[in-house]
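Trainee: Input my_file-v2.cif, format and content: mmCIF, C-alpha atoms and all ligand atoms.
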data_query
#
loop_
_atom_site.label_atom_id
_atom_site.label_comp_id
_atom_site.auth_asym_id
_atom_site.auth_seq_id
_atom_site.Cartn_x
_atom_site.Cartn_y
_atom_site.Cartn_z
CA MET A 12 -100.07 127.50 -25.53
CA LYS A 13 -99.18 130.25 -27.94
CA ILE A 14 -95.71 130.05 -29.46
CA LEU A 15 -93.74 132.68 -31.37
CA VAL A 16 -90.92 131.46 -33.63
CA VAL A 17 -88.37 134.01 -34.89
CA GLY A 18 -86.76 133.50 -38.30
CA SER A 19 -87.66 132.87 -41.91
CA GLY A 20 -85.68 129.92 -43.25
CA GLY A 21 -86.06 126.19 -43.80
CA ARG A 22 -84.95 125.65 -40.21
CA GLU A 23 -87.80 127.78 -38.89
CA HIS A 24 -90.28 126.03 -41.18
CA ALA A 25 -89.15 122.66 -39.77
CA LEU A 26 -89.43 124.10 -36.24
CA CYS A 27 -92.95 125.43 -36.83
CA TRP A 28 -93.98 122.11 -38.39
CA LYS A 29 -92.66 120.19 -35.37
CA ILE A 30 -94.17 122.62 -32.84
CA ALA A 31 -97.54 122.30 -34.61
CA GLN A 32 -97.59 118.61 -33.66
CA SER A 33 -97.47 119.36 -29.95
CA GLU A 34 -100.74 118.79 -28.14
CA LYS A 35 -99.87 121.70 -25.88
CA VAL A 36 -99.98 124.22 -28.73
CA ASP A 37 -103.08 126.10 -29.93
CA LYS A 38 -101.47 128.84 -32.00
CA ILE A 39 -98.12 129.52 -33.65
CA TYR A 40 -96.86 132.89 -34.86
CA CYS A 41 -93.68 133.32 -36.88
CA ALA A 42 -91.76 136.58 -37.36
CA PRO A 43 -91.19 137.20 -40.18
CA GLY A 44 -91.77 133.68 -41.63
CA ASN A 45 -92.18 132.74 -45.30
CA ALA A 46 -94.79 131.33 -47.69
CA GLY A 47 -94.41 127.74 -46.44
CA ILE A 48 -94.40 128.68 -42.76
CA ALA A 49 -97.71 130.48 -43.42
CA GLU A 50 -99.34 127.05 -43.72
CA VAL A 51 -98.67 126.19 -40.08
CA ALA A 52 -98.21 129.58 -38.44
CA GLU A 53 -99.51 133.11 -38.69
CA CYS A 54 -96.68 135.18 -40.14
CA VAL A 55 -96.03 138.57 -38.56
CA ALA A 56 -94.11 141.33 -40.34
CA ILE A 57 -91.50 141.97 -37.64
CA GLY A 58 -87.79 141.54 -38.41
CA ALA A 59 -85.64 139.17 -36.35
CA MET A 60 -83.47 142.06 -35.11
CA GLU A 61 -86.39 144.22 -33.95
CA PHE A 62 -86.15 143.03 -30.35
CA GLU A 63 -88.45 145.61 -28.75
CA LYS A 64 -91.14 145.09 -31.38
CA LEU A 65 -90.89 141.32 -30.94
CA ALA A 66 -91.22 141.68 -27.18
CA ASP A 67 -94.16 144.11 -27.57
CA PHE A 68 -95.85 141.54 -29.80
CA ALA A 69 -95.20 138.70 -27.35
CA GLN A 70 -96.65 140.79 -24.52
CA GLU A 71 -99.69 141.90 -26.49
CA LYS A 72 -100.56 138.41 -27.76
CA LYS A 73 -99.74 136.76 -24.41
CA ILE A 74 -97.20 134.42 -26.03
CA ASP A 75 -96.26 131.59 -23.66
CA LEU A 76 -92.92 130.78 -25.27
CA THR A 77 -90.72 132.38 -27.93
CA VAL A 78 -88.24 130.23 -29.87
CA ILE A 79 -85.34 131.84 -31.72
CA GLY A 80 -84.05 130.07 -34.83
CA MET A 81 -81.30 132.39 -35.99
CA ASP A 82 -77.85 133.33 -34.71
CA ASP A 83 -77.90 137.13 -35.17
CA PRO A 84 -80.71 137.90 -32.69
CA LEU A 85 -79.22 135.52 -30.09
CA VAL A 86 -75.75 137.03 -30.37
CA GLY A 87 -77.38 140.49 -30.30
CA GLY A 88 -79.14 139.76 -26.99
CA VAL A 89 -82.81 139.15 -27.84
CA VAL A 90 -83.10 136.69 -24.94
CA ASP A 91 -81.97 139.35 -22.45
CA VAL A 92 -84.60 141.80 -23.76
CA PHE A 93 -87.38 139.22 -23.35
CA GLU A 94 -86.20 138.09 -19.91
CA GLU A 95 -86.03 141.68 -18.64
CA ARG A 96 -89.73 141.92 -19.46
CA GLY A 97 -90.51 138.57 -17.80
CA LEU A 98 -91.27 136.87 -21.13
CA LYS A 99 -90.42 133.19 -21.55
CA ILE A 100 -87.93 132.55 -24.33
CA PHE A 101 -85.85 129.58 -25.53
CA GLY A 102 -82.23 130.38 -26.35
CA PRO A 103 -78.96 131.54 -24.75
CA ARG A 104 -78.51 135.00 -23.29
CA LYS A 105 -76.05 137.33 -25.01
CA ASN A 106 -73.22 136.41 -22.62
CA ALA A 107 -73.64 132.73 -23.59
CA ALA A 108 -74.42 133.14 -27.30
CA ILE A 109 -70.83 134.42 -27.56
CA LEU A 110 -69.98 130.71 -27.88
CA GLU A 111 -71.00 131.18 -31.53
CA GLY A 112 -70.60 134.96 -31.76
CA SER A 113 -66.84 134.98 -31.18
CA LYS A 114 -64.59 132.27 -32.52
CA ALA A 115 -61.68 133.70 -30.50
CA PHE A 116 -63.78 133.29 -27.33
CA SER A 117 -64.75 129.71 -28.18
CA LYS A 118 -61.16 128.72 -28.99
CA ASP A 119 -59.89 130.20 -25.70
CA LEU A 120 -62.67 128.40 -23.83
CA MET A 121 -61.73 125.05 -25.39
CA LYS A 122 -58.06 125.61 -24.61
CA LYS A 123 -58.73 126.58 -20.99
CA TYR A 124 -60.97 123.56 -20.37
CA ASN A 125 -59.01 121.02 -22.44
CA ILE A 126 -61.78 120.44 -24.99
CA PRO A 127 -60.23 118.84 -28.10
CA THR A 128 -59.93 121.28 -31.02
CA ALA A 129 -57.37 122.41 -33.63
CA ALA A 130 -54.25 124.25 -32.43
CA TYR A 131 -54.66 128.01 -32.99
CA GLU A 132 -53.63 131.60 -32.27
CA ASN A 133 -55.91 134.66 -31.97
CA PHE A 134 -54.94 138.01 -33.50
CA ASP A 135 -56.27 141.55 -33.32
CA ASP A 136 -53.32 143.06 -35.17
CA PRO A 137 -52.95 142.15 -38.88
CA GLU A 138 -49.16 142.77 -38.81
CA LYS A 139 -48.74 140.16 -36.09
CA ALA A 140 -50.98 137.73 -38.00
CA LEU A 141 -48.86 138.22 -41.14
CA ALA A 142 -45.64 137.66 -39.19
CA TYR A 143 -47.07 134.51 -37.61
CA LEU A 144 -47.90 133.08 -41.06
CA GLU A 145 -44.22 133.21 -42.06
CA THR A 146 -43.49 130.49 -39.51
CA ALA A 147 -46.66 128.43 -40.01
CA SER A 148 -47.06 125.32 -42.15
CA MET A 149 -49.60 125.15 -44.98
CA PRO A 150 -52.47 124.52 -45.54
CA ILE A 151 -53.80 126.76 -42.79
CA VAL A 152 -57.26 127.97 -41.77
CA LEU A 153 -58.22 131.62 -41.25
CA LYS A 154 -61.42 132.50 -39.41
CA ALA A 155 -63.01 135.90 -38.96
CA ASP A 156 -63.92 136.14 -35.26
CA GLY A 157 -67.56 137.22 -35.60
CA LEU A 158 -70.67 136.12 -37.48
CA ALA A 159 -70.20 136.09 -41.27
CA LEU A 160 -73.16 134.10 -42.65
CA GLY A 161 -71.07 130.90 -42.56
CA LYS A 162 -68.59 132.43 -45.00
CA GLY A 163 -65.90 133.77 -42.66
CA VAL A 164 -63.61 130.73 -42.92
CA LEU A 165 -60.78 130.60 -45.48
CA ILE A 166 -58.70 127.49 -46.11
CA CYS A 167 -55.37 128.57 -47.58
CA ASN A 168 -52.97 126.25 -49.36
CA THR A 169 -50.06 128.65 -49.80
CA LEU A 170 -48.40 131.43 -47.80
CA GLU A 171 -49.42 133.94 -50.49
CA GLU A 172 -53.09 132.94 -50.26
CA ALA A 173 -52.95 133.11 -46.46
CA LYS A 174 -51.45 136.62 -46.53
CA GLU A 175 -54.15 137.75 -48.94
CA GLY A 176 -56.72 136.19 -46.60
CA VAL A 177 -55.45 138.08 -43.56
CA LYS A 178 -55.53 141.32 -45.57
CA SER A 179 -59.07 140.76 -46.81
CA ILE A 180 -60.42 139.78 -43.38
CA MET A 181 -58.57 142.26 -41.13
CA MET A 182 -57.62 145.18 -43.39
CA ASP A 183 -60.21 145.27 -46.20
CA LYS A 184 -62.89 144.03 -43.76
CA GLN A 185 -64.47 141.64 -46.25
CA PHE A 186 -66.74 140.42 -43.45
CA GLY A 187 -67.11 143.83 -41.76
CA SER A 188 -66.47 144.08 -38.03
CA ALA A 189 -66.50 140.25 -37.81
CA GLY A 190 -62.87 140.63 -38.94
CA ASN A 191 -61.71 142.95 -36.14
CA GLN A 192 -60.16 139.84 -34.64
CA MET A 193 -59.28 136.54 -36.25
CA VAL A 194 -58.29 133.01 -35.45
CA ILE A 195 -55.54 131.25 -37.37
CA GLU A 196 -55.72 127.51 -36.88
CA GLU A 197 -54.25 124.20 -37.84
CA PHE A 198 -55.80 122.50 -40.89
CA MET A 199 -57.43 119.19 -40.00
CA THR A 200 -58.67 116.39 -42.20
CA GLY A 201 -61.48 113.91 -41.60
CA ARG A 202 -65.22 113.46 -41.86
CA GLU A 203 -67.42 116.27 -40.58
CA VAL A 204 -70.43 115.61 -38.38
CA SER A 205 -73.03 118.01 -36.97
CA VAL A 206 -74.40 117.18 -33.55
CA LEU A 207 -77.25 119.26 -32.12
CA SER A 208 -78.07 119.23 -28.43
CA PHE A 209 -80.54 120.69 -25.96
CA VAL A 210 -79.02 122.38 -22.91
CA ASP A 211 -80.69 123.74 -19.75
CA GLY A 212 -77.66 125.41 -18.17
CA LYS A 213 -76.31 122.27 -16.55
CA THR A 214 -77.72 119.18 -18.31
CA ILE A 215 -77.11 118.40 -21.99
CA LYS A 216 -79.11 115.97 -24.14
CA ILE A 217 -77.72 115.00 -27.52
CA MET A 218 -79.91 114.69 -30.61
CA THR A 219 -79.19 112.30 -33.45
CA SER A 220 -76.22 113.12 -35.71
CA ALA A 221 -76.32 114.68 -39.18
CA GLN A 222 -73.95 115.62 -41.97
CA ASP A 223 -74.07 118.84 -43.96
CA HIS A 224 -72.77 119.61 -47.47
CA LYS A 225 -71.44 123.16 -47.29
CA ARG A 226 -70.04 123.67 -50.78
CA ALA A 227 -72.23 124.91 -53.62
CA LEU A 228 -71.24 122.35 -56.27
CA ASP A 229 -70.99 118.57 -56.66
CA GLY A 230 -67.85 116.91 -55.36
CA ASP A 231 -67.55 119.57 -52.62
CA GLN A 232 -66.43 122.15 -55.17
CA GLY A 233 -67.35 125.80 -55.39
CA LEU A 234 -67.98 128.34 -52.65
CA ASN A 235 -69.11 127.67 -49.09
CA THR A 236 -72.85 128.13 -48.61
CA GLY A 237 -75.23 127.92 -45.66
CA GLY A 238 -75.60 124.22 -46.56
CA MET A 239 -76.84 122.45 -49.71
CA GLY A 240 -78.20 119.29 -48.14
CA THR A 241 -77.99 116.99 -45.15
CA PHE A 242 -78.50 113.44 -44.05
CA SER A 243 -79.18 111.87 -40.67
CA PRO A 244 -77.89 109.84 -38.94
CA SER A 245 -74.21 109.96 -39.92
CA PRO A 246 -72.91 106.39 -40.29
CA PHE A 247 -69.50 107.75 -39.26
CA TYR A 248 -70.81 108.85 -35.87
CA THR A 249 -70.10 105.49 -34.26
CA ALA A 250 -70.66 104.39 -30.65
CA GLU A 251 -66.94 104.96 -30.08
CA VAL A 252 -67.13 108.54 -31.37
CA ASP A 253 -70.20 109.15 -29.24
CA GLU A 254 -68.44 107.85 -26.15
CA PHE A 255 -65.41 110.07 -26.77
CA CYS A 256 -67.54 113.16 -27.28
CA LYS A 257 -69.61 112.47 -24.16
CA LYS A 258 -66.43 112.10 -22.16
CA TYR A 259 -64.43 115.07 -23.47
CA ILE A 260 -66.64 117.49 -25.39
CA TYR A 261 -70.39 117.79 -24.66
CA GLN A 262 -70.72 118.05 -20.89
CA ALA A 263 -67.28 119.66 -20.71
CA THR A 264 -68.56 122.56 -22.85
CA VAL A 265 -71.68 123.09 -20.73
CA ASP A 266 -69.62 122.94 -17.51
CA ALA A 267 -67.04 125.34 -18.95
CA MET A 268 -69.71 127.91 -19.83
CA LYS A 269 -71.21 127.60 -16.34
CA ALA A 270 -67.79 127.98 -14.72
CA GLU A 271 -67.25 131.17 -16.75
CA GLY A 272 -70.52 132.63 -15.42
CA ARG A 273 -72.11 132.22 -18.85
CA GLU A 274 -74.73 129.57 -18.17
CA PHE A 275 -75.93 128.26 -21.55
CA LYS A 276 -79.60 127.45 -22.17
CA GLY A 277 -80.80 126.53 -25.64
CA ILE A 278 -79.22 124.62 -28.48
CA ILE A 279 -75.52 123.89 -28.74
CA PHE A 280 -74.60 122.73 -32.22
CA PHE A 281 -71.25 120.95 -32.24
CA GLY A 282 -69.48 121.04 -35.60
CA LEU A 283 -67.08 118.10 -35.27
CA MET A 284 -64.23 116.80 -37.39
CA LEU A 285 -63.50 113.10 -36.95
CA THR A 286 -59.71 113.13 -37.31
CA ASP A 287 -57.43 110.12 -37.07
CA LYS A 288 -56.52 111.35 -33.58
CA GLY A 289 -60.18 111.40 -32.54
CA PRO A 290 -63.06 113.89 -32.71
CA ARG A 291 -62.19 117.61 -32.60
CA VAL A 292 -64.50 120.62 -32.31
CA LEU A 293 -64.46 122.68 -35.53
CA GLU A 294 -66.96 125.20 -34.28
CA TYR A 295 -69.87 125.80 -31.96
CA ASN A 296 -73.19 127.30 -32.96
CA ALA A 297 -75.73 128.54 -30.44
CA ARG A 298 -78.81 127.50 -32.46
CA PHE A 299 -80.31 124.79 -34.64
CA GLY A 300 -78.46 124.07 -37.90
CA ASP A 301 -79.93 124.85 -41.28
CA PRO A 302 -80.46 122.39 -43.05
CA GLU A 303 -79.54 119.93 -40.25
CA THR A 304 -82.86 120.69 -38.51
CA GLN A 305 -84.78 119.57 -41.61
CA VAL A 306 -83.44 116.01 -41.20
CA VAL A 307 -83.20 115.81 -37.40
CA LEU A 308 -86.71 116.99 -36.44
CA PRO A 309 -88.64 114.63 -38.76
CA ARG A 310 -86.89 111.78 -36.88
CA MET A 311 -87.57 113.13 -33.38
CA LYS A 312 -90.31 111.41 -31.40
CA ASN A 313 -90.58 113.83 -28.45
CA ASP A 314 -92.99 116.71 -28.11
CA ILE A 315 -90.49 119.47 -28.83
CA VAL A 316 -92.38 122.04 -26.77
CA GLU A 317 -91.91 119.91 -23.64
CA VAL A 318 -88.19 119.82 -24.35
CA PHE A 319 -88.03 123.59 -24.88
CA GLU A 320 -89.84 124.15 -21.58
CA ALA A 321 -87.51 121.76 -19.76
CA CYS A 322 -84.51 123.74 -21.07
CA VAL A 323 -85.96 127.06 -19.92
CA ASP A 324 -87.04 125.63 -16.54
CA GLY A 325 -83.81 123.71 -15.87
CA THR A 326 -85.48 120.28 -15.77
CA LEU A 327 -83.91 118.69 -18.84
CA ASP A 328 -82.54 115.84 -16.69
CA GLN A 329 -86.11 114.52 -16.57
CA ILE A 330 -86.42 114.22 -20.37
CA ASP A 331 -85.27 111.31 -22.53
CA LEU A 332 -84.83 112.26 -26.17
CA GLU A 333 -86.08 109.66 -28.60
CA PHE A 334 -85.51 109.36 -32.33
CA GLU A 335 -87.03 107.03 -34.92
CA ASP A 336 -84.81 104.17 -36.03
CA ASN A 337 -84.94 105.44 -39.61
CA ALA A 338 -83.02 107.91 -41.79
CA ALA A 339 -83.68 111.24 -43.48
CA VAL A 340 -82.12 113.15 -46.36
CA CYS A 341 -82.66 116.81 -47.28
CA VAL A 342 -81.73 118.16 -50.72
CA VAL A 343 -81.73 121.96 -50.98
CA LEU A 344 -83.29 123.39 -54.14
CA ALA A 345 -81.45 126.65 -54.76
CA SER A 346 -81.58 129.36 -57.39
CA GLU A 347 -78.74 128.92 -59.88
CA GLY A 348 -75.94 131.34 -58.97
CA TYR A 349 -76.34 130.99 -55.19
CA PRO A 350 -74.39 131.96 -53.05
CA VAL A 351 -73.28 134.90 -55.23
CA LYS A 352 -75.89 136.27 -57.61
CA TYR A 353 -79.31 134.87 -58.42
CA GLU A 354 -82.77 135.96 -59.49
CA LYS A 355 -85.72 136.26 -57.14
CA GLY A 356 -89.47 136.35 -57.74
CA LEU A 357 -89.68 133.22 -59.93
CA PRO A 358 -92.98 131.29 -59.60
CA ILE A 359 -92.79 127.85 -57.99
CA SER A 360 -95.11 125.00 -58.95
CA GLY A 361 -95.67 121.44 -57.78
CA LEU A 362 -95.69 122.09 -54.03
CA ASP A 363 -99.07 120.38 -53.59
CA ALA A 364 -97.47 117.02 -54.40
CA PHE A 365 -96.13 116.95 -50.81
CA LYS A 366 -99.55 117.26 -49.17
CA ASP A 367 -100.68 114.28 -47.08
CA LYS A 368 -97.46 112.34 -47.60
CA ASP A 369 -96.04 111.23 -44.26
CA SER A 370 -92.46 110.67 -45.28
CA TYR A 371 -91.95 113.60 -47.68
CA PHE A 372 -91.56 117.22 -46.62
CA VAL A 373 -90.92 120.46 -48.45
CA PHE A 374 -89.51 123.02 -46.04
CA HIS A 375 -89.51 126.55 -47.44
CA ALA A 376 -86.35 128.66 -47.10
CA GLY A 377 -86.49 131.62 -49.52
CA THR A 378 -90.11 131.86 -50.64
CA LYS A 379 -92.89 134.46 -50.44
CA PHE A 380 -96.30 135.23 -51.86
CA ASP A 381 -96.28 137.77 -54.71
CA ASN A 382 -99.07 140.32 -55.15
CA GLU A 383 -101.26 137.77 -56.91
CA GLY A 384 -100.82 135.23 -54.11
CA THR A 385 -98.48 132.98 -56.11
CA ILE A 386 -95.56 131.42 -54.24
CA VAL A 387 -92.32 132.74 -55.73
CA THR A 388 -88.60 132.38 -54.96
CA ASN A 389 -87.22 134.93 -52.52
CA GLY A 390 -83.68 133.80 -51.72
CA GLY A 391 -80.71 131.71 -52.79
CA ARG A 392 -81.77 128.59 -50.93
CA VAL A 393 -85.42 128.22 -51.94
CA LEU A 394 -86.70 124.88 -50.63
CA GLY A 395 -85.43 121.92 -48.63
CA VAL A 396 -86.89 118.70 -49.99
CA THR A 397 -86.70 116.10 -47.23
CA ALA A 398 -87.66 112.44 -47.23
CA THR A 399 -87.37 109.69 -44.67
CA GLY A 400 -86.77 106.02 -45.33
CA ALA A 401 -85.88 102.82 -43.51
CA THR A 402 -82.24 103.29 -44.53
CA LEU A 403 -80.09 106.23 -45.63
CA LYS A 404 -80.05 104.90 -49.19
CA GLU A 405 -83.82 104.64 -49.28
CA ALA A 406 -84.23 108.12 -47.81
CA ARG A 407 -81.81 109.52 -50.38
CA ALA A 408 -83.64 107.88 -53.29
CA ASN A 409 -86.94 109.22 -51.95
CA ALA A 410 -85.59 112.75 -51.49
CA TYR A 411 -84.13 112.89 -55.01
CA GLU A 412 -87.39 111.54 -56.45
CA ALA A 413 -89.30 114.31 -54.66
CA THR A 414 -86.97 117.04 -55.97
CA LYS A 415 -88.57 116.34 -59.39
CA TRP A 416 -92.04 117.23 -58.14
CA VAL A 417 -91.22 120.93 -57.81
CA THR A 418 -90.30 123.30 -60.61
CA PHE A 419 -89.12 126.89 -60.90
CA ASP A 420 -86.83 128.62 -63.38
CA ASN A 421 -83.11 128.33 -62.56
CA LYS A 422 -83.78 125.50 -60.08
CA TYR A 423 -80.48 123.99 -58.99
CA CYS A 424 -79.50 121.25 -56.57
CA ARG A 425 -76.40 119.21 -55.92
CA SER A 426 -76.72 115.71 -57.34
CA ASP A 427 -74.45 114.08 -54.75
CA ILE A 428 -76.07 114.81 -51.38
CA GLY A 429 -75.42 111.74 -49.24
CA LYS A 430 -72.73 110.30 -51.50
CA ALA A 431 -70.71 109.54 -48.38
CA ILE A 432 -73.36 107.00 -47.41
CA ASP A 433 -71.89 104.66 -50.05
CA GLU A 434 -68.46 104.91 -48.42
CA ALA A 435 -69.67 103.92 -44.95
P1 LIG A 501 -66.76 126.67 -39.46
O1 LIG A 501 -67.69 127.78 -39.83
O2 LIG A 501 -65.78 127.01 -38.41
O3 LIG A 501 -67.47 125.34 -39.25
O4 LIG A 501 -65.94 126.38 -40.79
C1 LIG A 501 -66.57 126.17 -42.01
C2 LIG A 501 -65.96 124.97 -42.69
O5 LIG A 501 -64.57 125.16 -42.88
C3 LIG A 501 -66.06 123.70 -41.86
O6 LIG A 501 -67.29 123.06 -42.03
C4 LIG A 501 -64.92 122.90 -42.41
O7 LIG A 501 -65.27 122.28 -43.63
C5 LIG A 501 -63.89 123.95 -42.70
N1 LIG A 501 -62.94 124.08 -41.56
C6 LIG A 501 -63.08 124.88 -40.48
N2 LIG A 501 -62.04 124.74 -39.64
C7 LIG A 501 -61.22 123.82 -40.21
C8 LIG A 501 -59.96 123.23 -39.84
N3 LIG A 501 -59.34 123.59 -38.72
N4 LIG A 501 -59.43 122.32 -40.68
C9 LIG A 501 -60.05 121.97 -41.83
N5 LIG A 501 -61.22 122.49 -42.24
C10 LIG A 501 -61.80 123.41 -41.45
N1 LIG A 502 -75.63 124.05 -41.80
C1 LIG A 502 -74.68 124.68 -41.00
C2 LIG A 502 -75.20 125.71 -40.09
O1 LIG A 502 -76.39 125.82 -39.85
O2 LIG A 502 -74.38 126.46 -39.58
#
Spit out the file's structure as structure tokens when you get a sec.
Mentor:
Amino acid sequence: MKILVVGSGGREHALCWKIAQSEKVDKIYCAPGNAGIAEVAECVAIGAMEFEKLADFAQEKKIDLTVIGMDDPLVGGVVDVFEERGLKIFGPRKNAAILEGSKAFSKDLMKKYNIPTAAYENFDDPEKALAYLETASMPIVLKADGLALGKGVLICNTLEEAKEGVKSIMMDKQFGSAGNQMVIEEFMTGREVSVLSFVDGKTIKIMTSAQDHKRALDGDQGLNTGGMGTFSPSPFYTAEVDEFCKKYIYQATVDAMKAEGREFKGIIFFGLMLTDKGPRVLEYNARFGDPETQVVLPRMKNDIVEVFEACVDGTLDQIDLEFEDNAAVCVVLASEGYPVKYEKGLPISGLDAFKDKDSYFVFHAGTKFDNEGTIVTNGGRVLGVTATGATLKEARANAYEATKWVTFDNKYCRSDIGKAIDEA
């Protein structure tokens, strides 16, 4: 088979790496890809939002299956463009990707189908949002409705902060049109867990759990980022939590989407908060997590291409997902200053140390080849250094050891990825 992967981050590198292990696959293309992806796939200079060009390419190269890594093309309807041309593609159509694309939609869906989540109100008028805040208790959470690179959520401790937040989201349009509507919701406390799943429209199969570290600095300080590191499994995702989520959240979400005429095929990523009243949905994503994928896929035993095909064909009920009984930790190496301002184009050395090592991986996020063919930094999150181990502690020690193998100027990583493991 020939596979086309769309995206250019650490998630897509992990996907290409996993797809390359499938016996069904002869050739992988990635649009646009990065310097690490180029080791396992042929990179093609087509942007993720150039739907017609992507479909032309898939037609011309007789691609058997296209896999979309990122949220923007899914929410923008890339799957519909491919399907109209009879091209096989893994991911939700536009009318289902709205599960991630509109937080107001997802909150209304959860309310209508009794899926546990934080209490909330939706607003499209800033004056009404401001009036509502006067009666609300603090802290409170403000969410821009649309996609905002994971940055559209503000946690406000005081009424003043919350009012400023509403102004910046809805009036100053800090996140552009993503702030045409907003959700104001109850602040919850608890451990966060990311659960990825495969969905074929009616059947859902849950992958192993993971935990992300969204803030830029140690001790969960600093700004929210795309994610600074992950570990899998989460020791807090107990059998009891799993049972609750299976009963009230996972299948209920798939059934709700079907009942709304928005049959969901692809990945549903459940962002959960384990509150003292039980698990609650923080958010849905319609794609693999980044960097959750970098710890989940190295533990997955299945041929991922078979699972993708089962999702597209509606035969997921015939697949049993299997994961290794081990653990994985991913530490993101970023450029100092991320997520605000950072340099690009800095040469990276030491990458060869990962070659031929079964339990160490370096997934490239923001890298490219410069004119001389040297691998240089090309983004805020540069590399995801992942290691497996028999236990979470062992995996964490291995991952941190491997972060020392790579060097580039302004290299920065959090030193406390997986600290929660010690509290389990
Ligand atoms: P989201 O993009 O909706 O996952 O939100 C980003 C982050 O904001 C989450 O990972 C949580 O850490 C935090 N967050 C979102 N909603 C809430 C909430 N209702 N209560 C507390 N924290 C929240
Ligand atoms: N790591 C969180 C996300 O992919 O949204």
Trainee: So that I can see what lies close to Glu63 of chain A, please list as a PyMOL selection string the residues with an atom at most 12 Å from it, counting only C-alpha atoms and leaving out residues fewer than 6 positions away in the same chain.
Mentor: chain A and resi 57+69-70+84+88-96+98
Trainee: How big is the axis-aligned box around all listed atoms of segment 401-418 of chain A once 4 Å goes on each side, and where's its centre, in Å to one decimal, as lines of an AutoDock Vina configuration file?
Mentor:
center_x = -86.0
center_y = 113.1
center_z = -52.1
size_x = 20.0
size_y = 28.5
size_z = 25.1
Trainee: Using all atoms listed in the file, which residues have at least one atom no more than 6 Å from ligand LIG 502 (chain A)? Output them as an mmCIF file with C-alpha atoms, keeping the file's coordinate frame.
Mentor:
data_model
loop_
_atom_site.group_PDB
_atom_site.id
_atom_site.type_symbol
_atom_site.label_atom_id
_atom_site.label_comp_id
_atom_site.auth_asym_id
_atom_site.auth_seq_id
_atom_site.Cartn_x
_atom_site.Cartn_y
_atom_site.Cartn_z
ATOM 1 C CA ASP A 223 -74.070 118.840 -43.960
ATOM 2 C CA GLY A 237 -75.230 127.920 -45.660
ATOM 3 C CA GLY A 238 -75.600 124.220 -46.560
ATOM 4 C CA GLY A 300 -78.460 124.070 -37.900
ATOM 5 C CA ASP A 301 -79.930 124.850 -41.280
ATOM 6 C CA PRO A 302 -80.460 122.390 -43.050
ATOM 7 C CA GLU A 303 -79.540 119.930 -40.250
#
Trainee: Out of A:Phe280, A:Phe209, A:Tyr423, A:Tyr261, which residue has the shortest atom-to-atom distance to Ala227 of chain A when counting all atoms listed in the file?
Mentor: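 Selected residue with least distance to Ala227 of chain A: A:Tyr423.
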Trainee: Nearest to Thr399 of chain A: which of A:Tyr371, A:Phe419, A:Phe247, A:Tyr40 is it, counting only C-alpha atoms?
Mentor: A:Tyr371
Trainee: Atom CA of Ile39 of chain A to atom CA of Asn409 of chain A: how many Å, to one decimal?
Mentor: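 Atom CA of Ile39 of chain A sits 29.5 Å away from atom CA of Asn409 of chain A.
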Trainee: Counting all atoms listed in the file, I want the residues whose atoms come within 9 Å of (-92.1, 114.5, -51.4) in the file frame, returned as a VMD selection string.
Mentor: chain A and resid 362 364 to 366 368 to 373 396 to 398 409 to 416
Trainee: Could you please take those selected residues and save C-alpha atoms as a compact mmCIF listing (two decimals), in the coordinates of the input?
Mentor:
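Written output follows (result_5.txt):
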# COMPACT_ATOMS: atom_id res chain seq x y z
CA LEU A 362 -95.69 122.09 -54.03
CA ALA A 364 -97.47 117.02 -54.40
CA PHE A 365 -96.13 116.95 -50.81
CA LYS A 366 -99.55 117.26 -49.17
CA LYS A 368 -97.46 112.34 -47.60
CA ASP A 369 -96.04 111.23 -44.26
CA SER A 370 -92.46 110.67 -45.28
CA TYR A 371 -91.95 113.60 -47.68
CA PHE A 372 -91.56 117.22 -46.62
CA VAL A 373 -90.92 120.46 -48.45
CA VAL A 396 -86.89 118.70 -49.99
CA THR A 397 -86.70 116.10 -47.23
CA ALA A 398 -87.66 112.44 -47.23
CA ASN A 409 -86.94 109.22 -51.95
CA ALA A 410 -85.59 112.75 -51.49
CA TYR A 411 -84.13 112.89 -55.01
CA GLU A 412 -87.39 111.54 -56.45
CA ALA A 413 -89.30 114.31 -54.66
CA THR A 414 -86.97 117.04 -55.97
CA LYS A 415 -88.57 116.34 -59.39
CA TRP A 416 -92.04 117.23 -58.14
Trainee: Between atom CA of Asp336 of chain A and atom CA of Ser243 of chain A, measure the distance and give it in Å to one decimal.
Mentor: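 Atom-to-atom, atom CA of Asp336 of chain A and atom CA of Ser243 of chain A are spaced 10.6 Å apart.
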Trainee: Which residue is closest to ligand LIG 501 (chain A)? Choose from A:Asp119, A:Asp211, A:Glu383, A:Glu203 and count only C-alpha atoms and all ligand atoms.
Mentor: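 Among A:Asp119, A:Asp211, A:Glu383, A:Glu203, it is A:Glu203 that comes nearest to ligand LIG 501 (chain A).
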Trainee: Point out the residue among A:Ser113, A:Lys178, A:Pro290, A:Leu207 with the least atom-to-atom distance to Leu332 of chain A, counting only C-alpha atoms.
Mentor: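 Using only C-alpha atoms, Leu332 of chain A sits closest to A:Leu207.
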Trainee: Applying 10 Å and all atoms listed in the file, which residues near Gly157 of chain A remain after dropping the ones on its own chain fewer than 5 positions away? List them as a list in words.
Mentor: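 The filter keeps Val86, Ile109, Glu111, Gly112, Ser113, Lys114, Ala115, Phe116, Gly163, Phe186, Gly187, Ser188, Ala189, Gly190, Asn191, Gln192 and Met193 of chain A.
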Trainee: What's the separation between atom CA of Leu76 of chain A and atom CA of Gln305 of chain A, in Å to one decimal place?
Mentor: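 So the answer is 21.4 Å.
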